[in-house]
Amino acid sequence: MSETLKKAGVDLYSIPFDKFRGIKCFRTIPGSIFRFIKLVVSLIRFCKKNKINILYANEIKVALLAGITGKILSIPVIWHAHDFTTHGKIDSLCYRWSSRIITVSNAVRARFRNFPDHKSKTCVIHNGISAEWYQNRENSEKLLDRHLSASDVIRIGMAGRLAPEKCQDLFITIFHFLTKTSSFPLAGFIAGESGDESLIPYRNELKNQIIKNGLENKLFLLGHIDHLITFLDEIDIFVLPSKREPFGLVTLEAMAREKPIVAFRTGGTPDIIEDGVTGFLFPDGDWKSMAEGIKRLINDPELRVKIGKNAKHHVEQNFTLEKSMESILAVCKNLVNL
């Protein structure tokens, strides 16, 4: 997003990372109250020196920093909320000191429904994806073929950070059920890694679950993959088993690659998928119904193609990066009366 706004002519300073691709940045994550106060003072000086018009915060700690600074300097503050996580009194302070709150989905917006004037103070701007996701491309690299002994299998996949909340274990349960109840040969693929040593036991649990169910030659943990587009192009059905997804960017990416999506009707997912048209949604946690939905796509290749094409068209019309940036810029301009 930072690069896109910069290209649009916005003089942007990004928090909290180091200098990145020509964008000037700060480090902000405070380790103590004393350091936080110093940070507020530093940001106040910076805002005065550079005549900052808007403070834009993507994360709760930064929203608190921006809120205090904005209150002192009478600078409008935008808090862009990306998740469901609440922080008690800090949420209240950030809400009070924010001029406008952007949320990535209606489910995240509901986080603020008990605050005063939440309908006028909050708005939903969905994430968008760049044009590269829609472009036709020759797929010379074969990522998944090396795992398969036959080419006529139906490939079912999911992608995301390897973590319990992403429910890779449920994907394995569903896939095992499908291998027992479907007459078609199937292969399953889980793309993604955690990068967190504390989650190594979870990865081991998944490996053991695969072995216990005799799926070693049918279901594969791919770990980190460099080219998600290649992965999506090589699967037939994309599954999103997460039970609480604020807004699944990977869902947009799979839809842009014409993949039929099967997901739970929870979190921000219903904002993206129109049930029966651009994918299939099922009651939260009802994995057997989800499995039946996948089976319907397994049995009907024409339906897979139809849903996939509908999905791509829906994303192209509603979830482009350009549309998202235009909406964010409109909020910014409204706050500074441009």
# chains A, B, ... in the order shown; residues from 1 in each chain; ligands from 1
$ residues_around --residues "Ala330 in chain A" --least-positions-apart "4" --cutoff "12 Å" --atoms "only C-alpha atoms" --output "PyMOL selection string"
chain A and resi 5+100+102+123+125+323-326+334-338
$ select_by_dssp --residues "range 187-314 of chain A" --states "strand (DSSP E or B)" --output "list in words"
Ala187, Gly188, Phe189, Ile190, Ala191, Leu219, Phe220, Leu221, Leu222, Gly223, Ile237, Phe238, Val239, Leu240, Ile261, Val262, Ala263, Phe264, Asp275, Gly279, Phe280, Leu281 and Phe282 of chain A
$ write_last_selection --atoms "N, CA and C atoms" --output "compact mmCIF listing (two decimals), in the first residue's frame"
# COMPACT_ATOMS: atom_id res chain seq x y z
N ALA A 187 -5.44 -35.49 -4.54
CA ALA A 187 -4.17 -35.09 -3.92
C ALA A 187 -4.42 -33.79 -3.16
N GLY A 188 -3.83 -33.70 -1.97
CA GLY A 188 -4.02 -32.51 -1.14
C GLY A 188 -2.70 -31.79 -0.90
N PHE A 189 -2.75 -30.47 -0.85
CA PHE A 189 -1.53 -29.68 -0.69
C PHE A 189 -1.77 -28.55 0.31
N ILE A 190 -0.86 -28.43 1.26
CA ILE A 190 -0.91 -27.35 2.25
C ILE A 190 0.34 -26.50 2.05
N ALA A 191 0.15 -25.27 1.58
CA ALA A 191 1.27 -24.35 1.34
C ALA A 191 1.35 -23.36 2.48
N LEU A 219 -1.28 -36.43 0.64
CA LEU A 219 -1.40 -35.09 1.21
C LEU A 219 -0.02 -34.59 1.60
N PHE A 220 0.33 -33.38 1.14
CA PHE A 220 1.71 -32.92 1.25
C PHE A 220 1.79 -31.54 1.91
N LEU A 221 2.68 -31.45 2.91
CA LEU A 221 3.01 -30.17 3.52
C LEU A 221 4.15 -29.56 2.71
N LEU A 222 3.87 -28.49 1.99
CA LEU A 222 4.85 -27.91 1.08
C LEU A 222 5.79 -26.92 1.76
N GLY A 223 5.40 -26.42 2.94
CA GLY A 223 6.20 -25.37 3.56
C GLY A 223 6.08 -24.07 2.78
N ILE A 237 -9.19 -26.95 -6.68
CA ILE A 237 -10.14 -26.43 -5.69
C ILE A 237 -9.35 -25.82 -4.54
N PHE A 238 -9.77 -24.63 -4.08
CA PHE A 238 -9.11 -23.98 -2.96
C PHE A 238 -10.02 -24.02 -1.75
N VAL A 239 -9.46 -24.43 -0.62
CA VAL A 239 -10.23 -24.56 0.63
C VAL A 239 -9.70 -23.55 1.65
N LEU A 240 -10.62 -22.86 2.30
CA LEU A 240 -10.27 -21.93 3.37
C LEU A 240 -10.95 -22.44 4.65
N ILE A 261 -13.78 -21.55 -4.55
CA ILE A 261 -13.41 -21.49 -3.15
C ILE A 261 -14.49 -22.16 -2.30
N VAL A 262 -14.03 -22.92 -1.32
CA VAL A 262 -14.93 -23.50 -0.32
C VAL A 262 -14.47 -22.99 1.04
N ALA A 263 -15.40 -22.37 1.79
CA ALA A 263 -15.00 -21.72 3.04
C ALA A 263 -16.16 -21.75 4.04
N PHE A 264 -15.85 -21.34 5.27
CA PHE A 264 -16.89 -21.19 6.29
C PHE A 264 -17.48 -19.78 6.22
N ASP A 275 -22.25 -16.92 -2.02
CA ASP A 275 -22.49 -18.36 -1.93
C ASP A 275 -23.21 -18.89 -3.16
N GLY A 279 -18.31 -19.09 -5.13
CA GLY A 279 -17.75 -20.07 -4.21
C GLY A 279 -18.86 -20.66 -3.37
N PHE A 280 -18.46 -21.45 -2.37
CA PHE A 280 -19.45 -22.06 -1.49
C PHE A 280 -19.11 -21.76 -0.03
N LEU A 281 -20.13 -21.35 0.74
CA LEU A 281 -19.96 -21.06 2.16
C LEU A 281 -20.78 -22.03 2.99
N PHE A 282 -20.22 -22.39 4.16
CA PHE A 282 -20.87 -23.35 5.03
C PHE A 282 -20.84 -22.86 6.48
$ residues_around --residues "range 241-258 of chain A" --least-positions-apart "6" --cutoff "6 Å" --atoms "only C-alpha atoms" --output "list in words"
Asp83, Trp133, Tyr134, Lys166, Cys167, Gly267, Gly268, Gly308, Lys309, Ala311 and Lys312 of chain A
$ closest_residue --among "A:Asp169, A:Asp236, A:Asp286, A:Glu193" --to "Asp152 in chain A" --atoms "only C-alpha atoms"
A:Asp236
$ select_by_dssp --residues "range 88-119 of chain A" --states "helix (DSSP H, G or I)" --output "list in words"
Lys89, Ile90, Asp91, Ser92, Leu93, Cys94, Tyr95, Arg96, Trp97, Asn106, Ala107, Val108, Arg109, Ala110, Arg111, Phe112, His118 and Lys119 of chain A
$ write_last_selection --atoms "N, CA and C atoms" --output "PDB file, in the first residue's frame"
ATOM      1  N   LYS A  89      -9.127  -0.925  27.364  1.00  0.00           N
ATOM      2  CA  LYS A  89      -9.076   0.538  27.470  1.00  0.00           C
ATOM      3  C   LYS A  89      -8.251   1.170  26.348  1.00  0.00           C
ATOM      4  N   ILE A  90      -7.246   0.435  25.863  1.00  0.00           N
ATOM      5  CA  ILE A  90      -6.455   0.986  24.753  1.00  0.00           C
ATOM      6  C   ILE A  90      -7.333   1.161  23.521  1.00  0.00           C
ATOM      7  N   ASP A  91      -8.224   0.201  23.282  1.00  0.00           N
ATOM      8  CA  ASP A  91      -9.181   0.342  22.182  1.00  0.00           C
ATOM      9  C   ASP A  91     -10.019   1.607  22.352  1.00  0.00           C
ATOM     10  N   SER A  92     -10.486   1.830  23.577  1.00  0.00           N
ATOM     11  CA  SER A  92     -11.329   3.000  23.855  1.00  0.00           C
ATOM     12  C   SER A  92     -10.580   4.294  23.575  1.00  0.00           C
ATOM     13  N   LEU A  93      -9.311   4.356  24.017  1.00  0.00           N
ATOM     14  CA  LEU A  93      -8.513   5.564  23.792  1.00  0.00           C
ATOM     15  C   LEU A  93      -8.264   5.780  22.302  1.00  0.00           C
ATOM     16  N   CYS A  94      -7.875   4.715  21.612  1.00  0.00           N
ATOM     17  CA  CYS A  94      -7.593   4.833  20.177  1.00  0.00           C
ATOM     18  C   CYS A  94      -8.847   5.229  19.404  1.00  0.00           C
ATOM     19  N   TYR A  95      -9.984   4.664  19.818  1.00  0.00           N
ATOM     20  CA  TYR A  95     -11.252   5.015  19.165  1.00  0.00           C
ATOM     21  C   TYR A  95     -11.553   6.499  19.375  1.00  0.00           C
ATOM     22  N   ARG A  96     -11.397   6.963  20.611  1.00  0.00           N
ATOM     23  CA  ARG A  96     -11.711   8.351  20.934  1.00  0.00           C
ATOM     24  C   ARG A  96     -10.806   9.323  20.188  1.00  0.00           C
ATOM     25  N   TRP A  97      -9.529   8.968  20.047  1.00  0.00           N
ATOM     26  CA  TRP A  97      -8.559   9.889  19.453  1.00  0.00           C
ATOM     27  C   TRP A  97      -8.440   9.756  17.950  1.00  0.00           C
ATOM     28  N   ASN A 106     -16.792  -6.152   7.250  1.00  0.00           N
ATOM     29  CA  ASN A 106     -17.909  -5.868   8.145  1.00  0.00           C
ATOM     30  C   ASN A 106     -17.749  -6.580   9.479  1.00  0.00           C
ATOM     31  N   ALA A 107     -17.109  -7.750   9.456  1.00  0.00           N
ATOM     32  CA  ALA A 107     -16.874  -8.485  10.703  1.00  0.00           C
ATOM     33  C   ALA A 107     -15.932  -7.728  11.618  1.00  0.00           C
ATOM     34  N   VAL A 108     -14.890  -7.116  11.060  1.00  0.00           N
ATOM     35  CA  VAL A 108     -13.968  -6.313  11.870  1.00  0.00           C
ATOM     36  C   VAL A 108     -14.660  -5.026  12.319  1.00  0.00           C
ATOM     37  N   ARG A 109     -15.489  -4.456  11.471  1.00  0.00           N
ATOM     38  CA  ARG A 109     -16.218  -3.246  11.865  1.00  0.00           C
ATOM     39  C   ARG A 109     -17.104  -3.510  13.085  1.00  0.00           C
ATOM     40  N   ALA A 110     -17.638  -4.728  13.175  1.00  0.00           N
ATOM     41  CA  ALA A 110     -18.512  -5.074  14.306  1.00  0.00           C
ATOM     42  C   ALA A 110     -17.773  -4.996  15.638  1.00  0.00           C
ATOM     43  N   ARG A 111     -16.454  -5.044  15.592  1.00  0.00           N
ATOM     44  CA  ARG A 111     -15.634  -4.888  16.803  1.00  0.00           C
ATOM     45  C   ARG A 111     -15.954  -3.579  17.525  1.00  0.00           C
ATOM     46  N   PHE A 112     -16.409  -2.566  16.783  1.00  0.00           N
ATOM     47  CA  PHE A 112     -16.625  -1.236  17.354  1.00  0.00           C
ATOM     48  C   PHE A 112     -18.103  -0.910  17.565  1.00  0.00           C
ATOM     49  N   HIS A 118     -20.492   4.834  16.214  1.00  0.00           N
ATOM     50  CA  HIS A 118     -19.647   3.915  15.437  1.00  0.00           C
ATOM     51  C   HIS A 118     -20.060   3.850  13.968  1.00  0.00           C
ATOM     52  N   LYS A 119     -21.332   4.068  13.670  1.00  0.00           N
ATOM     53  CA  LYS A 119     -21.778   3.976  12.273  1.00  0.00           C
ATOM     54  C   LYS A 119     -21.207   5.100  11.420  1.00  0.00           C
TER      55      LYS A 119
END
$ atom_distance --atom1 "CA of Gly157 in chain A" --atom2 "CA of Ile235 in chain A"
6.3 Å
$ decode --residues "range 211-243 of chain A" --atoms "N, CA and C atoms" --output "PDB file, in the first residue's frame"
ATOM      1  N   ILE A 211       0.348 -39.037   8.782  1.00  0.00           N
ATOM      2  CA  ILE A 211       0.829 -40.421   8.871  1.00  0.00           C
ATOM      3  C   ILE A 211      -0.231 -41.328   9.482  1.00  0.00           C
ATOM      4  N   LYS A 212      -0.841 -40.873  10.562  1.00  0.00           N
ATOM      5  CA  LYS A 212      -1.856 -41.670  11.257  1.00  0.00           C
ATOM      6  C   LYS A 212      -3.001 -42.051  10.323  1.00  0.00           C
ATOM      7  N   ASN A 213      -3.348 -41.161   9.411  1.00  0.00           N
ATOM      8  CA  ASN A 213      -4.457 -41.416   8.495  1.00  0.00           C
ATOM      9  C   ASN A 213      -4.013 -42.050   7.178  1.00  0.00           C
ATOM     10  N   GLY A 214      -2.718 -42.420   7.090  1.00  0.00           N
ATOM     11  CA  GLY A 214      -2.220 -43.091   5.908  1.00  0.00           C
ATOM     12  C   GLY A 214      -2.232 -42.236   4.657  1.00  0.00           C
ATOM     13  N   LEU A 215      -1.943 -40.938   4.809  1.00  0.00           N
ATOM     14  CA  LEU A 215      -2.041 -40.008   3.690  1.00  0.00           C
ATOM     15  C   LEU A 215      -0.687 -39.551   3.161  1.00  0.00           C
ATOM     16  N   GLU A 216       0.392 -40.237   3.556  1.00  0.00           N
ATOM     17  CA  GLU A 216       1.735 -39.772   3.205  1.00  0.00           C
ATOM     18  C   GLU A 216       1.939 -39.580   1.706  1.00  0.00           C
ATOM     19  N   ASN A 217       1.256 -40.373   0.888  1.00  0.00           N
ATOM     20  CA  ASN A 217       1.426 -40.284  -0.563  1.00  0.00           C
ATOM     21  C   ASN A 217       0.288 -39.531  -1.254  1.00  0.00           C
ATOM     22  N   LYS A 218      -0.565 -38.889  -0.433  1.00  0.00           N
ATOM     23  CA  LYS A 218      -1.710 -38.175  -1.005  1.00  0.00           C
ATOM     24  C   LYS A 218      -1.812 -36.724  -0.547  1.00  0.00           C
ATOM     25  N   LEU A 219      -1.282 -36.429   0.641  1.00  0.00           N
ATOM     26  CA  LEU A 219      -1.404 -35.089   1.209  1.00  0.00           C
ATOM     27  C   LEU A 219      -0.021 -34.589   1.602  1.00  0.00           C
ATOM     28  N   PHE A 220       0.330 -33.383   1.139  1.00  0.00           N
ATOM     29  CA  PHE A 220       1.708 -32.923   1.250  1.00  0.00           C
ATOM     30  C   PHE A 220       1.793 -31.544   1.914  1.00  0.00           C
ATOM     31  N   LEU A 221       2.676 -31.453   2.914  1.00  0.00           N
ATOM     32  CA  LEU A 221       3.012 -30.169   3.518  1.00  0.00           C
ATOM     33  C   LEU A 221       4.148 -29.556   2.706  1.00  0.00           C
ATOM     34  N   LEU A 222       3.870 -28.491   1.993  1.00  0.00           N
ATOM     35  CA  LEU A 222       4.854 -27.913   1.081  1.00  0.00           C
ATOM     36  C   LEU A 222       5.791 -26.924   1.758  1.00  0.00           C
ATOM     37  N   GLY A 223       5.400 -26.422   2.936  1.00  0.00           N
ATOM     38  CA  GLY A 223       6.199 -25.367   3.561  1.00  0.00           C
ATOM     39  C   GLY A 223       6.077 -24.070   2.781  1.00  0.00           C
ATOM     40  N   HIS A 224       7.078 -23.198   2.944  1.00  0.00           N
ATOM     41  CA  HIS A 224       7.061 -21.919   2.233  1.00  0.00           C
ATOM     42  C   HIS A 224       7.227 -22.142   0.734  1.00  0.00           C
ATOM     43  N   ILE A 225       6.427 -21.428  -0.053  1.00  0.00           N
ATOM     44  CA  ILE A 225       6.579 -21.476  -1.504  1.00  0.00           C
ATOM     45  C   ILE A 225       6.847 -20.060  -2.007  1.00  0.00           C
ATOM     46  N   ASP A 226       7.717 -19.956  -2.993  1.00  0.00           N
ATOM     47  CA  ASP A 226       8.116 -18.643  -3.508  1.00  0.00           C
ATOM     48  C   ASP A 226       7.081 -18.035  -4.453  1.00  0.00           C
ATOM     49  N   HIS A 227       6.339 -18.897  -5.139  1.00  0.00           N
ATOM     50  CA  HIS A 227       5.431 -18.394  -6.170  1.00  0.00           C
ATOM     51  C   HIS A 227       4.017 -18.915  -5.913  1.00  0.00           C
ATOM     52  N   LEU A 228       3.222 -18.131  -5.206  1.00  0.00           N
ATOM     53  CA  LEU A 228       1.860 -18.554  -4.876  1.00  0.00           C
ATOM     54  C   LEU A 228       0.999 -18.689  -6.126  1.00  0.00           C
ATOM     55  N   ILE A 229       1.236 -17.835  -7.111  1.00  0.00           N
ATOM     56  CA  ILE A 229       0.458 -17.925  -8.348  1.00  0.00           C
ATOM     57  C   ILE A 229       0.631 -19.299  -8.988  1.00  0.00           C
ATOM     58  N   THR A 230       1.857 -19.795  -9.008  1.00  0.00           N
ATOM     59  CA  THR A 230       2.113 -21.124  -9.573  1.00  0.00           C
ATOM     60  C   THR A 230       1.322 -22.182  -8.819  1.00  0.00           C
ATOM     61  N   PHE A 231       1.356 -22.114  -7.501  1.00  0.00           N
ATOM     62  CA  PHE A 231       0.612 -23.070  -6.676  1.00  0.00           C
ATOM     63  C   PHE A 231      -0.874 -23.010  -7.006  1.00  0.00           C
ATOM     64  N   LEU A 232      -1.438 -21.812  -7.055  1.00  0.00           N
ATOM     65  CA  LEU A 232      -2.872 -21.666  -7.307  1.00  0.00           C
ATOM     66  C   LEU A 232      -3.244 -22.146  -8.708  1.00  0.00           C
ATOM     67  N   ASP A 233      -2.384 -21.902  -9.676  1.00  0.00           N
ATOM     68  CA  ASP A 233      -2.666 -22.341 -11.040  1.00  0.00           C
ATOM     69  C   ASP A 233      -2.687 -23.863 -11.167  1.00  0.00           C
ATOM     70  N   GLU A 234      -1.998 -24.549 -10.268  1.00  0.00           N
ATOM     71  CA  GLU A 234      -1.870 -26.005 -10.394  1.00  0.00           C
ATOM     72  C   GLU A 234      -2.892 -26.785  -9.571  1.00  0.00           C
ATOM     73  N   ILE A 235      -3.669 -26.090  -8.722  1.00  0.00           N
ATOM     74  CA  ILE A 235      -4.703 -26.811  -7.985  1.00  0.00           C
ATOM     75  C   ILE A 235      -6.050 -26.642  -8.679  1.00  0.00           C
ATOM     76  N   ASP A 236      -7.009 -27.479  -8.296  1.00  0.00           N
ATOM     77  CA  ASP A 236      -8.352 -27.433  -8.893  1.00  0.00           C
ATOM     78  C   ASP A 236      -9.377 -26.776  -7.969  1.00  0.00           C
ATOM     79  N   ILE A 237      -9.194 -26.952  -6.676  1.00  0.00           N
ATOM     80  CA  ILE A 237     -10.143 -26.426  -5.687  1.00  0.00           C
ATOM     81  C   ILE A 237      -9.352 -25.816  -4.540  1.00  0.00           C
ATOM     82  N   PHE A 238      -9.773 -24.630  -4.083  1.00  0.00           N
ATOM     83  CA  PHE A 238      -9.106 -23.979  -2.961  1.00  0.00           C
ATOM     84  C   PHE A 238     -10.022 -24.021  -1.746  1.00  0.00           C
ATOM     85  N   VAL A 239      -9.462 -24.429  -0.622  1.00  0.00           N
ATOM     86  CA  VAL A 239     -10.228 -24.556   0.626  1.00  0.00           C
ATOM     87  C   VAL A 239      -9.699 -23.554   1.645  1.00  0.00           C
ATOM     88  N   LEU A 240     -10.616 -22.857   2.295  1.00  0.00           N
ATOM     89  CA  LEU A 240     -10.269 -21.929   3.374  1.00  0.00           C
ATOM     90  C   LEU A 240     -10.953 -22.435   4.650  1.00  0.00           C
ATOM     91  N   PRO A 241     -10.248 -23.245   5.462  1.00  0.00           N
ATOM     92  CA  PRO A 241     -10.885 -23.828   6.653  1.00  0.00           C
ATOM     93  C   PRO A 241     -10.792 -22.968   7.905  1.00  0.00           C
ATOM     94  N   SER A 242     -10.194 -21.756   7.809  1.00  0.00           N
ATOM     95  CA  SER A 242     -10.066 -20.884   8.974  1.00  0.00           C
ATOM     96  C   SER A 242     -11.444 -20.567   9.543  1.00  0.00           C
ATOM     97  N   LYS A 243     -11.515 -20.528  10.872  1.00  0.00           N
ATOM     98  CA  LYS A 243     -12.795 -20.258  11.525  1.00  0.00           C
ATOM     99  C   LYS A 243     -12.989 -18.782  11.849  1.00  0.00           C
TER     100      LYS A 243
END
